[in-house]
>>> print(open('start.pdb').read())   # PDB, C-alpha atoms, pLDDT in the B column
ATOM      1  CA  MET L 148     -62.064 104.428 206.533  1.00 88.00           C
ATOM      2  CA  ASP L 149     -59.307 102.327 204.991  1.00 96.00           C
ATOM      3  CA  LEU L 150     -57.276 104.795 202.942  1.00 98.00           C
ATOM      4  CA  GLY L 151     -55.879 102.058 200.713  1.00 98.00           C
ATOM      5  CA  ILE L 152     -52.212 102.950 201.176  1.00 98.00           C
ATOM      6  CA  ALA L 153     -50.983 100.183 203.482  1.00 98.00           C
ATOM      7  CA  ASN L 154     -47.454  99.066 202.534  1.00 98.00           C
ATOM      8  CA  ARG L 155     -46.848 102.155 200.454  1.00 98.00           C
ATOM      9  CA  ARG L 156     -43.562 103.998 201.055  1.00 98.00           C
ATOM     10  CA  ALA L 157     -43.265 107.635 202.078  1.00 99.00           C
ATOM     11  CA  ILE L 158     -40.565 110.239 202.542  1.00 99.00           C
ATOM     12  CA  VAL L 159     -41.625 112.887 205.057  1.00 98.00           C
ATOM     13  CA  CYS L 160     -39.264 115.848 205.214  1.00 98.00           C
ATOM     14  CA  ALA L 161     -38.619 117.750 208.453  1.00 98.00           C
ATOM     15  CA  SER L 162     -40.594 115.183 210.412  1.00 98.00           C
ATOM     16  CA  SER L 163     -38.896 114.850 213.788  1.00 97.00           C
ATOM     17  CA  ARG L 164     -41.495 117.149 215.357  1.00 96.00           C
ATOM     18  CA  GLY L 165     -44.424 119.450 214.633  1.00 96.00           C
ATOM     19  CA  LEU L 166     -46.437 119.212 211.454  1.00 97.00           C
ATOM     20  CA  GLY L 167     -44.029 116.854 209.699  1.00 98.00           C
ATOM     21  CA  ARG L 168     -44.171 114.407 212.580  1.00 98.00           C
ATOM     22  CA  ALA L 169     -47.976 114.604 212.615  1.00 98.00           C
ATOM     23  CA  CYS L 170     -48.030 113.661 208.930  1.00 98.00           C
ATOM     24  CA  ALA L 171     -45.610 110.783 209.472  1.00 98.00           C
ATOM     25  CA  GLU L 172     -47.684 109.475 212.380  1.00 98.00           C
ATOM     26  CA  ALA L 173     -50.911 109.620 210.371  1.00 98.00           C
ATOM     27  CA  LEU L 174     -49.313 107.769 207.465  1.00 98.00           C
ATOM     28  CA  ALA L 175     -47.749 105.131 209.719  1.00 98.00           C
ATOM     29  CA  ARG L 176     -51.131 104.544 211.314  1.00 98.00           C
ATOM     30  CA  GLU L 177     -52.428 103.702 207.840  1.00 98.00           C
ATOM     31  CA  GLY L 178     -49.677 101.126 207.354  1.00 98.00           C
ATOM     32  CA  VAL L 179     -47.313 103.270 205.295  1.00 98.00           C
ATOM     33  CA  HIS L 180     -43.577 102.625 205.697  1.00 98.00           C
ATOM     34  CA  VAL L 181     -42.017 105.997 206.440  1.00 98.00           C
ATOM     35  CA  THR L 182     -38.593 107.568 206.024  1.00 98.00           C
ATOM     36  CA  LEU L 183     -38.193 110.461 208.419  1.00 98.00           C
ATOM     37  CA  ASN L 184     -35.881 113.448 208.267  1.00 98.00           C
ATOM     38  CA  GLY L 185     -34.706 116.145 210.643  1.00 98.00           C
ATOM     39  CA  ARG L 186     -31.661 118.180 211.596  1.00 97.00           C
ATOM     40  CA  ASP L 187     -31.517 117.065 215.229  1.00 97.00           C
ATOM     41  CA  ALA L 188     -30.353 113.430 215.094  1.00 98.00           C
ATOM     42  CA  GLU L 189     -31.281 112.659 218.698  1.00 98.00           C
ATOM     43  CA  ARG L 190     -34.805 114.034 218.397  1.00 98.00           C
ATOM     44  CA  LEU L 191     -35.203 112.351 215.008  1.00 98.00           C
ATOM     45  CA  GLU L 192     -34.302 108.928 216.365  1.00 98.00           C
ATOM     46  CA  ALA L 193     -36.630 109.402 219.334  1.00 98.00           C
ATOM     47  CA  THR L 194     -39.462 110.106 216.909  1.00 98.00           C
ATOM     48  CA  ALA L 195     -38.542 107.068 214.818  1.00 98.00           C
ATOM     49  CA  ASP L 196     -38.519 104.868 217.934  1.00 98.00           C
ATOM     50  CA  ALA L 197     -41.945 106.170 218.960  1.00 98.00           C
ATOM     51  CA  LEU L 198     -43.419 105.365 215.553  1.00 98.00           C
ATOM     52  CA  ARG L 199     -41.845 101.900 215.528  1.00 98.00           C
ATOM     53  CA  ALA L 200     -43.341 101.180 218.927  1.00 98.00           C
ATOM     54  CA  ALA L 201     -46.799 102.360 217.928  1.00 98.00           C
ATOM     55  CA  HIS L 202     -47.163 100.995 214.393  1.00 98.00           C
ATOM     56  CA  ALA L 203     -46.251  97.791 212.570  1.00 97.00           C
ATOM     57  CA  VAL L 204     -44.367  99.544 209.783  1.00 98.00           C
ATOM     58  CA  THR L 205     -40.758 100.076 208.766  1.00 98.00           C
ATOM     59  CA  VAL L 206     -39.433 103.410 209.986  1.00 98.00           C
ATOM     60  CA  GLN L 207     -36.143 104.787 208.684  1.00 98.00           C
ATOM     61  CA  SER L 208     -34.502 108.070 209.578  1.00 98.00           C
ATOM     62  CA  VAL L 209     -32.068 110.343 207.741  1.00 98.00           C
ATOM     63  CA  ALA L 210     -30.557 113.155 209.760  1.00 98.00           C
ATOM     64  CA  GLY L 211     -29.670 116.356 207.966  1.00 98.00           C
ATOM     65  CA  ASP L 212     -30.887 119.654 206.589  1.00 98.00           C
ATOM     66  CA  ILE L 213     -33.305 119.090 203.700  1.00 98.00           C
ATOM     67  CA  GLU L 214     -31.857 122.177 202.021  1.00 97.00           C
ATOM     68  CA  LEU L 215     -28.594 120.287 201.441  1.00 98.00           C
ATOM     69  CA  GLU L 216     -28.121 118.105 198.375  1.00 98.00           C
ATOM     70  CA  ALA L 217     -26.381 115.449 200.471  1.00 98.00           C
ATOM     71  CA  THR L 218     -29.437 115.103 202.718  1.00 98.00           C
ATOM     72  CA  ARG L 219     -31.803 114.795 199.776  1.00 98.00           C
ATOM     73  CA  GLU L 220     -29.570 112.171 198.198  1.00 98.00           C
ATOM     74  CA  ALA L 221     -29.449 110.222 201.465  1.00 98.00           C
ATOM     75  CA  LEU L 222     -33.239 110.258 201.701  1.00 98.00           C
ATOM     76  CA  LEU L 223     -33.529 108.853 198.186  1.00 98.00           C
ATOM     77  CA  LEU L 224     -30.952 106.185 198.933  1.00 98.00           C
ATOM     78  CA  ALA L 225     -32.964 105.147 201.984  1.00 98.00           C
ATOM     79  CA  CYS L 226     -36.242 105.189 200.033  1.00 98.00           C
ATOM     80  CA  PRO L 227     -35.438 105.033 196.304  1.00 97.00           C
ATOM     81  CA  GLU L 228     -39.009 104.450 195.089  1.00 98.00           C
ATOM     82  CA  PRO L 229     -41.336 106.492 197.288  1.00 98.00           C
ATOM     83  CA  ASP L 230     -45.052 106.411 196.612  1.00 98.00           C
ATOM     84  CA  ILE L 231     -45.601 109.450 198.805  1.00 99.00           C
ATOM     85  CA  LEU L 232     -43.571 112.615 199.333  1.00 99.00           C
ATOM     86  CA  VAL L 233     -44.451 115.117 202.038  1.00 99.00           C
ATOM     87  CA  ASN L 234     -42.450 118.314 201.639  1.00 98.00           C
ATOM     88  CA  ASN L 235     -41.992 120.313 204.805  1.00 98.00           C
ATOM     89  CA  ASN L 236     -39.459 122.730 206.227  1.00 97.00           C
ATOM     90  CA  GLY L 237     -39.316 125.482 208.788  1.00 92.00           C
ATOM     91  CA  GLY L 238     -40.203 128.912 207.516  1.00 91.00           C
ATOM     92  CA  PRO L 239     -38.128 132.084 207.810  1.00 92.00           C
ATOM     93  CA  PRO L 240     -38.874 134.380 210.745  1.00 88.00           C
ATOM     94  CA  PRO L 241     -41.121 137.413 210.362  1.00 89.00           C
ATOM     95  CA  GLY L 242     -39.497 140.754 209.854  1.00 92.00           C
ATOM     96  CA  ARG L 243     -39.400 144.019 207.926  1.00 95.00           C
ATOM     97  CA  PHE L 244     -39.126 144.207 204.157  1.00 97.00           C
ATOM     98  CA  GLN L 245     -36.450 146.883 204.435  1.00 97.00           C
ATOM     99  CA  ASP L 246     -34.272 144.540 206.508  1.00 97.00           C
ATOM    100  CA  TRP L 247     -34.234 141.622 204.056  1.00 98.00           C
ATOM    101  CA  ASP L 248     -31.147 141.660 201.879  1.00 98.00           C
ATOM    102  CA  ARG L 249     -30.227 139.314 199.057  1.00 98.00           C
ATOM    103  CA  LYS L 250     -28.840 136.767 201.506  1.00 97.00           C
ATOM    104  CA  ALA L 251     -32.138 136.612 203.387  1.00 97.00           C
ATOM    105  CA  TRP L 252     -34.141 136.128 200.187  1.00 98.00           C
ATOM    106  CA  LEU L 253     -31.822 133.392 198.919  1.00 98.00           C
ATOM    107  CA  ALA L 254     -32.063 131.559 202.252  1.00 97.00           C
ATOM    108  CA  ALA L 255     -35.865 131.663 202.066  1.00 98.00           C
ATOM    109  CA  LEU L 256     -35.867 130.404 198.487  1.00 98.00           C
ATOM    110  CA  ASP L 257     -33.465 127.582 199.350  1.00 98.00           C
ATOM    111  CA  ALA L 258     -35.598 126.454 202.279  1.00 97.00           C
ATOM    112  CA  ASN L 259     -39.124 126.843 200.992  1.00 98.00           C
ATOM    113  CA  LEU L 260     -38.922 126.714 197.194  1.00 98.00           C
ATOM    114  CA  LEU L 261     -35.801 124.984 195.916  1.00 98.00           C
ATOM    115  CA  ALA L 262     -35.566 122.169 198.489  1.00 98.00           C
ATOM    116  CA  PRO L 263     -39.145 120.933 197.875  1.00 98.00           C
ATOM    117  CA  VAL L 264     -38.958 121.483 194.113  1.00 98.00           C
ATOM    118  CA  LEU L 265     -35.773 119.423 193.897  1.00 98.00           C
ATOM    119  CA  MET L 266     -37.353 116.628 195.962  1.00 98.00           C
ATOM    120  CA  ILE L 267     -40.342 116.616 193.603  1.00 98.00           C
ATOM    121  CA  ARG L 268     -38.002 116.530 190.614  1.00 98.00           C
ATOM    122  CA  ALA L 269     -36.208 113.511 192.050  1.00 98.00           C
ATOM    123  CA  VAL L 270     -39.322 111.383 192.647  1.00 98.00           C
ATOM    124  CA  LEU L 271     -41.817 112.473 190.013  1.00 98.00           C
ATOM    125  CA  ASP L 272     -40.725 110.349 187.055  1.00 98.00           C
ATOM    126  CA  GLY L 273     -40.721 107.170 189.140  1.00 98.00           C
ATOM    127  CA  MET L 274     -44.209 107.889 190.424  1.00 98.00           C
ATOM    128  CA  VAL L 275     -45.435 108.401 186.870  1.00 98.00           C
ATOM    129  CA  GLU L 276     -43.857 105.146 185.722  1.00 98.00           C
ATOM    130  CA  ARG L 277     -45.422 103.210 188.613  1.00 98.00           C
ATOM    131  CA  ARG L 278     -48.798 104.887 188.035  1.00 98.00           C
ATOM    132  CA  PHE L 279     -49.163 106.035 191.621  1.00 98.00           C
ATOM    133  CA  GLY L 280     -47.862 109.065 193.458  1.00 98.00           C
ATOM    134  CA  ARG L 281     -48.979 111.455 196.144  1.00 99.00           C
ATOM    135  CA  ILE L 282     -47.061 114.670 196.775  1.00 99.00           C
ATOM    136  CA  VAL L 283     -48.161 116.985 199.566  1.00 99.00           C
ATOM    137  CA  ASN L 284     -46.423 120.289 200.270  1.00 98.00           C
ATOM    138  CA  ILE L 285     -46.914 121.919 203.648  1.00 98.00           C
ATOM    139  CA  THR L 286     -46.898 125.628 202.824  1.00 98.00           C
ATOM    140  CA  SER L 287     -48.752 128.363 204.724  1.00 96.00           C
ATOM    141  CA  ALA L 288     -52.021 130.271 204.854  1.00 95.00           C
ATOM    142  CA  MET L 289     -49.896 133.284 203.957  1.00 93.00           C
ATOM    143  CA  VAL L 290     -49.813 132.011 200.373  1.00 95.00           C
ATOM    144  CA  LYS L 291     -53.438 133.143 199.999  1.00 95.00           C
ATOM    145  CA  THR L 292     -53.490 135.928 202.580  1.00 94.00           C
ATOM    146  CA  PRO L 293     -50.065 137.589 202.417  1.00 95.00           C
ATOM    147  CA  MET L 294     -48.930 139.740 205.310  1.00 94.00           C
ATOM    148  CA  ALA L 295     -45.912 142.014 205.025  1.00 96.00           C
ATOM    149  CA  PRO L 296     -44.000 140.627 208.044  1.00 93.00           C
ATOM    150  CA  MET L 297     -44.177 137.131 206.507  1.00 94.00           C
ATOM    151  CA  GLY L 298     -42.939 138.266 203.103  1.00 97.00           C
ATOM    152  CA  LEU L 299     -39.965 135.887 202.927  1.00 97.00           C
ATOM    153  CA  SER L 300     -42.186 132.892 203.577  1.00 96.00           C
ATOM    154  CA  THR L 301     -44.962 134.093 201.294  1.00 96.00           C
ATOM    155  CA  GLY L 302     -42.650 134.809 198.390  1.00 97.00           C
ATOM    156  CA  ALA L 303     -40.918 131.432 198.443  1.00 98.00           C
ATOM    157  CA  ARG L 304     -44.013 129.363 199.119  1.00 98.00           C
ATOM    158  CA  ALA L 305     -46.105 131.118 196.497  1.00 97.00           C
ATOM    159  CA  GLY L 306     -43.433 130.074 194.005  1.00 98.00           C
ATOM    160  CA  LEU L 307     -43.721 126.451 195.136  1.00 98.00           C
ATOM    161  CA  THR L 308     -47.499 126.680 194.826  1.00 98.00           C
ATOM    162  CA  SER L 309     -47.229 127.900 191.238  1.00 98.00           C
ATOM    163  CA  VAL L 310     -44.731 125.226 190.182  1.00 98.00           C
ATOM    164  CA  SER L 311     -46.814 122.507 191.828  1.00 98.00           C
ATOM    165  CA  LYS L 312     -50.004 123.630 190.105  1.00 98.00           C
ATOM    166  CA  ALA L 313     -48.342 123.519 186.699  1.00 98.00           C
ATOM    167  CA  LEU L 314     -46.853 120.075 187.327  1.00 98.00           C
ATOM    168  CA  SER L 315     -50.098 118.667 188.706  1.00 98.00           C
ATOM    169  CA  ARG L 316     -51.790 119.064 185.328  1.00 98.00           C
ATOM    170  CA  GLN L 317     -49.026 117.160 183.573  1.00 98.00           C
ATOM    171  CA  VAL L 318     -49.052 114.080 185.800  1.00 98.00           C
ATOM    172  CA  ALA L 319     -52.699 113.697 186.840  1.00 98.00           C
ATOM    173  CA  SER L 320     -53.361 111.131 184.111  1.00 98.00           C
ATOM    174  CA  ALA L 321     -50.701 108.878 185.678  1.00 98.00           C
ATOM    175  CA  ASN L 322     -52.535 108.845 189.039  1.00 98.00           C
ATOM    176  CA  VAL L 323     -49.984 111.221 190.524  1.00 98.00           C
ATOM    177  CA  THR L 324     -51.378 114.100 192.555  1.00 98.00           C
ATOM    178  CA  ILE L 325     -49.733 117.229 193.929  1.00 98.00           C
ATOM    179  CA  ASN L 326     -51.526 119.219 196.616  1.00 98.00           C
ATOM    180  CA  ASN L 327     -50.695 121.802 199.252  1.00 98.00           C
ATOM    181  CA  LEU L 328     -51.699 122.090 202.900  1.00 98.00           C
ATOM    182  CA  LEU L 329     -51.958 125.688 204.133  1.00 98.00           C
ATOM    183  CA  PRO L 330     -51.827 125.764 207.940  1.00 97.00           C
ATOM    184  CA  GLU L 331     -52.540 128.774 210.110  1.00 94.00           C
ATOM    185  CA  ARG L 332     -52.122 128.947 213.874  1.00 93.00           C
ATOM    186  CA  ILE L 333     -51.435 125.262 214.489  1.00 95.00           C
ATOM    187  CA  ASP L 334     -50.247 124.582 218.043  1.00 92.00           C
ATOM    188  CA  THR L 335     -46.598 123.737 217.368  1.00 89.00           C
ATOM    189  CA  ASP L 336     -43.203 124.982 218.511  1.00 85.00           C
ATOM    190  CA  ARG L 337     -43.351 127.643 215.797  1.00 82.00           C
ATOM    191  CA  GLN L 338     -46.493 129.134 217.349  1.00 84.00           C
ATOM    192  CA  LYS L 339     -44.795 129.022 220.732  1.00 83.00           C
ATOM    193  CA  GLY L 340     -41.940 131.026 219.242  1.00 82.00           C
ATOM    194  CA  MET L 341     -44.386 133.520 217.745  1.00 81.00           C
ATOM    195  CA  ALA L 342     -46.098 133.900 221.133  1.00 84.00           C
ATOM    196  CA  GLU L 343     -42.748 134.483 222.821  1.00 85.00           C
ATOM    197  CA  LEU L 344     -41.841 137.108 220.219  1.00 81.00           C
ATOM    198  CA  ARG L 345     -45.184 138.856 220.678  1.00 83.00           C
ATOM    199  CA  SER L 346     -44.692 138.783 224.442  1.00 82.00           C
ATOM    200  CA  LYS L 347     -41.213 140.273 224.169  1.00 83.00           C
ATOM    201  CA  LEU L 348     -42.066 143.007 221.680  1.00 81.00           C
ATOM    202  CA  GLY L 349     -45.579 143.805 222.892  1.00 83.00           C
ATOM    203  CA  GLY L 350     -45.105 143.704 226.621  1.00 86.00           C
ATOM    204  CA  VAL L 351     -47.793 141.073 227.172  1.00 87.00           C
ATOM    205  CA  SER L 352     -47.659 137.698 228.890  1.00 89.00           C
ATOM    206  CA  ILE L 353     -47.233 134.453 226.963  1.00 86.00           C
ATOM    207  CA  GLU L 354     -50.796 133.541 227.966  1.00 89.00           C
ATOM    208  CA  GLN L 355     -52.111 136.841 226.595  1.00 88.00           C
ATOM    209  CA  ALA L 356     -50.179 136.299 223.374  1.00 85.00           C
ATOM    210  CA  TYR L 357     -51.809 132.899 222.926  1.00 88.00           C
ATOM    211  CA  GLU L 358     -55.239 134.393 223.568  1.00 89.00           C
ATOM    212  CA  GLU L 359     -54.557 137.013 220.908  1.00 87.00           C
ATOM    213  CA  MET L 360     -53.632 134.238 218.477  1.00 89.00           C
ATOM    214  CA  LYS L 361     -56.845 132.354 219.232  1.00 91.00           C
ATOM    215  CA  GLY L 362     -58.783 135.563 218.682  1.00 91.00           C
ATOM    216  CA  THR L 363     -57.622 135.674 215.053  1.00 92.00           C
ATOM    217  CA  ILE L 364     -59.104 132.222 214.344  1.00 94.00           C
ATOM    218  CA  ALA L 365     -62.813 131.852 213.607  1.00 95.00           C
ATOM    219  CA  ALA L 366     -62.920 128.552 215.504  1.00 96.00           C
ATOM    220  CA  GLY L 367     -61.640 130.334 218.612  1.00 95.00           C
ATOM    221  CA  ARG L 368     -58.738 127.943 219.163  1.00 96.00           C
ATOM    222  CA  LEU L 369     -55.419 126.863 217.753  1.00 95.00           C
ATOM    223  CA  GLY L 370     -55.350 123.921 215.390  1.00 96.00           C
ATOM    224  CA  ARG L 371     -53.952 120.576 216.485  1.00 97.00           C
ATOM    225  CA  PRO L 372     -51.037 119.029 214.575  1.00 97.00           C
ATOM    226  CA  GLU L 373     -52.919 115.736 214.231  1.00 98.00           C
ATOM    227  CA  GLU L 374     -55.699 117.538 212.362  1.00 98.00           C
ATOM    228  CA  LEU L 375     -53.212 118.526 209.687  1.00 98.00           C
ATOM    229  CA  GLY L 376     -51.667 115.044 209.765  1.00 98.00           C
ATOM    230  CA  ASP L 377     -55.026 113.420 209.108  1.00 98.00           C
ATOM    231  CA  ALA L 378     -55.680 115.807 206.206  1.00 98.00           C
ATOM    232  CA  CYS L 379     -52.296 114.877 204.767  1.00 98.00           C
ATOM    233  CA  ALA L 380     -53.046 111.162 205.055  1.00 98.00           C
ATOM    234  CA  TYR L 381     -56.320 111.615 203.201  1.00 98.00           C
ATOM    235  CA  LEU L 382     -54.664 113.521 200.359  1.00 98.00           C
ATOM    236  CA  CYS L 383     -52.235 110.596 200.094  1.00 98.00           C
ATOM    237  CA  SER L 384     -55.038 108.031 199.982  1.00 98.00           C
ATOM    238  CA  ALA L 385     -56.286 105.890 197.137  1.00 98.00           C
ATOM    239  CA  GLN L 386     -59.608 107.740 197.399  1.00 98.00           C
ATOM    240  CA  ALA L 387     -57.995 111.137 196.730  1.00 98.00           C
ATOM    241  CA  GLY L 388     -56.824 110.352 193.210  1.00 98.00           C
ATOM    242  CA  PHE L 389     -59.236 112.908 191.707  1.00 98.00           C
ATOM    243  CA  ILE L 390     -57.940 115.753 193.892  1.00 98.00           C
ATOM    244  CA  SER L 391     -54.877 117.530 192.569  1.00 98.00           C
ATOM    245  CA  GLY L 392     -53.453 121.006 192.228  1.00 98.00           C
ATOM    246  CA  GLN L 393     -55.398 122.159 195.271  1.00 98.00           C
ATOM    247  CA  ASN L 394     -54.649 124.324 198.298  1.00 98.00           C
ATOM    248  CA  LEU L 395     -56.376 122.991 201.412  1.00 98.00           C
ATOM    249  CA  GLN L 396     -56.506 125.548 204.195  1.00 96.00           C
ATOM    250  CA  LEU L 397     -56.385 124.403 207.796  1.00 97.00           C
ATOM    251  CA  ASP L 398     -57.282 127.623 209.530  1.00 96.00           C
ATOM    252  CA  GLY L 399     -60.386 126.999 211.613  1.00 96.00           C
ATOM    253  CA  GLY L 400     -62.595 128.639 208.993  1.00 96.00           C
ATOM    254  CA  SER L 401     -60.764 131.951 209.181  1.00 95.00           C
ATOM    255  CA  TYR L 402     -60.108 132.710 205.508  1.00 94.00           C
ATOM    256  CA  PRO L 403     -62.689 135.320 204.445  1.00 92.00           C
ATOM    257  CA  GLY L 404     -62.568 134.754 200.701  1.00 90.00           C
ATOM    258  CA  LEU L 405     -64.456 132.441 198.344  1.00 89.00           C
ATOM    259  CA  ILE L 406     -61.522 130.910 196.453  1.00 83.00           C
TER     260      ILE L 406
END
>>> encode(input="start.pdb", output="structure tokens")
Amino acid sequence: MDLGIANRRAIVCASSRGLGRACAEALAREGVHVTLNGRDAERLEATADALRAAHAVTVQSVAGDIELEATREALLLACPEPDILVNNNGGPPPGRFQDWDRKAWLAALDANLLAPVLMIRAVLDGMVERRFGRIVNITSAMVKTPMAPMGLSTGARAGLTSVSKALSRQVASANVTINNLLPERIDTDRQKGMAELRSKLGGVSIEQAYEEMKGTIAAGRLGRPEELGDACAYLCSAQAGFISGQNLQLDGGSYPGLI
């Protein structure tokens, strides 16, 4: 299917690896010119080179932490009129509610609420004026199925979900959509870190930890980053203009609820 977004321009935050990179690759495959971002400049440029080699699109890169105003400004200087914004950032580690002080909560809000909200604020008016915009936030399955150890992530990302839903109703008539992708157990470095933590704390092997993870997923396997990337590309497509304010779960059919 031709998604109708060739020659559009996209900013993809935290895209040097993992889910962000998968989204950038899927968009580049569709002919979208992409501006990448990541904290590790060497890894970021390697990703940019790989996309340039594989796809006939313009690939720019802006190194820096998306939580910093200077990084966000640099992204907008590199791509001042984006048609597509993919918000992504690493989540806070799991832990105990009693251990999270004000500093921990503010760090989570900076990373997973304020950074994406401020990126949306910066691009939204231009998208409305140009009568095309696609905003996709990568959040977490924990938004709909909160678990106490993931409270920092859940709290911040639920706030982003609420803000995005409210905004989506205001801008839908301008062909601007805002949607969220809710991954669970996707095979990325973050899941590797979770397996290592489980192995350390639970006295099991890394292989056993991975098997435990797979056992929590109805599909019986971890998700692949490219599956999320393809879902992102579709939500950014011309065909997805009637889909907005939604939370698309990528969890192998694991969520037990109806809505």
>>> atom_distance(input="start.pdb", atom1="atom CA of Thr182 of chain L", atom2="atom CA of Phe389 of chain L")
25.7 Å
>>> residues_around(input="start.pdb", residues="Ala269 of chain L", least_positions_apart="5", cutoff="10 Å", atoms="all atoms listed in the file", output="compact mmCIF listing (two decimals) with C-alpha atoms, in the coordinates of the input")
# COMPACT_ATOMS: atom_id res chain seq x y z
CA ARG L 219 -31.80 114.80 199.78
CA GLU L 220 -29.57 112.17 198.20
CA LEU L 223 -33.53 108.85 198.19
CA PRO L 227 -35.44 105.03 196.30
CA GLU L 228 -39.01 104.45 195.09
CA PRO L 263 -39.15 120.93 197.88
CA VAL L 264 -38.96 121.48 194.11
CA MET L 274 -44.21 107.89 190.42
>>> atom_distance(input="start.pdb", atom1="atom CA of Met297 of chain L", atom2="atom CA of Gly238 of chain L")
9.2 Å
>>> resolve_selection(input="start.pdb", expression="the PyMOL selection byres ((chain L and resi 319) around 12)", output="list of chain:residue names")
L:Leu271, L:Met274, L:Val275, L:Arg278, L:Phe279, L:Gly280, L:Arg281, L:Ile282, L:Ser311, L:Lys312, L:Ala313, L:Leu314, L:Ser315, L:Arg316, L:Gln317, L:Val318, L:Ser320, L:Ala321, L:Asn322, L:Val323, L:Thr324, L:Ile325, L:Asn326, L:Ala387, L:Gly388, L:Phe389, L:Ile390, L:Ser391, L:Gly392
>>> atom_distance(input="start.pdb", atom1="atom CA of His202 of chain L", atom2="atom CA of Asn284 of chain L")
23.9 Å
>>> resolve_selection(input="start.pdb", expression="the PyMOL selection byres ((chain L and resi 330) around 7)", output="PDB file with C-alpha atoms, in the frame of the given file")
ATOM      1  CA  SER L 287     -48.752 128.363 204.724  1.00 96.00           C
ATOM      2  CA  ALA L 288     -52.021 130.271 204.854  1.00 95.00           C
ATOM      3  CA  LEU L 328     -51.699 122.090 202.900  1.00 98.00           C
ATOM      4  CA  LEU L 329     -51.958 125.688 204.133  1.00 98.00           C
ATOM      5  CA  GLU L 331     -52.540 128.774 210.110  1.00 94.00           C
ATOM      6  CA  ARG L 332     -52.122 128.947 213.874  1.00 93.00           C
ATOM      7  CA  ILE L 333     -51.435 125.262 214.489  1.00 95.00           C
ATOM      8  CA  GLN L 396     -56.506 125.548 204.195  1.00 96.00           C
ATOM      9  CA  LEU L 397     -56.385 124.403 207.796  1.00 97.00           C
ATOM     10  CA  ASP L 398     -57.282 127.623 209.530  1.00 96.00           C
TER      11      ASP L 398
END
>>> residues_near_point(input="start.pdb", point="(-33.4, 120.6, 202.1)", cutoff="10 Å", atoms="all atoms listed in the file", output="number ranges by chain")
L: 160-161, 184-186, 211-219, 234-236, 257-266
>>> residues_around(input="start.pdb", residues="Val290 of chain L", least_positions_apart="6", cutoff="9 Å", atoms="all atoms listed in the file", output="CSV table (one decimal) with C-alpha atoms, keeping the file's coordinate frame")
chain,number,residue,atom,x,y,z
L,300,SER,CA,-42.2,132.9,203.6
L,301,THR,CA,-45.0,134.1,201.3
L,302,GLY,CA,-42.6,134.8,198.4
L,304,ARG,CA,-44.0,129.4,199.1
L,305,ALA,CA,-46.1,131.1,196.5
L,308,THR,CA,-47.5,126.7,194.8
L,329,LEU,CA,-52.0,125.7,204.1
>>> residues_around(input="start.pdb", residues="Pro241 of chain L", least_positions_apart="2", cutoff="8 Å", atoms="only C-alpha atoms", output="number ranges by chain")
L: 239, 243, 296-299
>>> write_last_selection(input="start.pdb", atoms="C-alpha atoms", output="PDB file, in the frame of the given file")
ATOM      1  CA  PRO L 239     -38.128 132.084 207.810  1.00 92.00           C
ATOM      2  CA  ARG L 243     -39.400 144.019 207.926  1.00 95.00           C
ATOM      3  CA  PRO L 296     -44.000 140.627 208.044  1.00 93.00           C
ATOM      4  CA  MET L 297     -44.177 137.131 206.507  1.00 94.00           C
ATOM      5  CA  GLY L 298     -42.939 138.266 203.103  1.00 97.00           C
ATOM      6  CA  LEU L 299     -39.965 135.887 202.927  1.00 97.00           C
TER       7      LEU L 299
END
>>> build_atoms(input="start.pdb", residues="segment 267-276 of chain L", atoms="N, CA and C atoms", output="tab-separated table (two decimals), in the coordinates of the input")
chain	number	residue	atom	x	y	z
L	267	ILE	N	-39.31	117.01	194.58
L	267	ILE	CA	-40.34	116.62	193.60
L	267	ILE	C	-39.68	116.14	192.31
L	268	ARG	N	-38.71	116.89	191.85
L	268	ARG	CA	-38.00	116.53	190.61
L	268	ARG	C	-37.40	115.14	190.71
L	269	ALA	N	-36.88	114.80	191.89
L	269	ALA	CA	-36.21	113.51	192.05
L	269	ALA	C	-37.16	112.33	192.05
L	270	VAL	N	-38.41	112.53	192.49
L	270	VAL	CA	-39.32	111.38	192.65
L	270	VAL	C	-40.41	111.32	191.59
L	271	LEU	N	-40.62	112.38	190.86
L	271	LEU	CA	-41.82	112.47	190.01
L	271	LEU	C	-41.84	111.44	188.89
L	272	ASP	N	-40.73	111.28	188.18
L	272	ASP	CA	-40.72	110.35	187.06
L	272	ASP	C	-41.03	108.92	187.50
L	273	GLY	N	-40.46	108.51	188.64
L	273	GLY	CA	-40.72	107.17	189.14
L	273	GLY	C	-42.18	106.97	189.50
L	274	MET	N	-42.78	107.98	190.10
L	274	MET	CA	-44.21	107.89	190.42
L	274	MET	C	-45.04	107.73	189.17
L	275	VAL	N	-44.70	108.49	188.14
L	275	VAL	CA	-45.44	108.40	186.87
L	275	VAL	C	-45.28	107.01	186.27
L	276	GLU	N	-44.09	106.47	186.28
L	276	GLU	CA	-43.86	105.15	185.72
L	276	GLU	C	-44.62	104.06	186.48
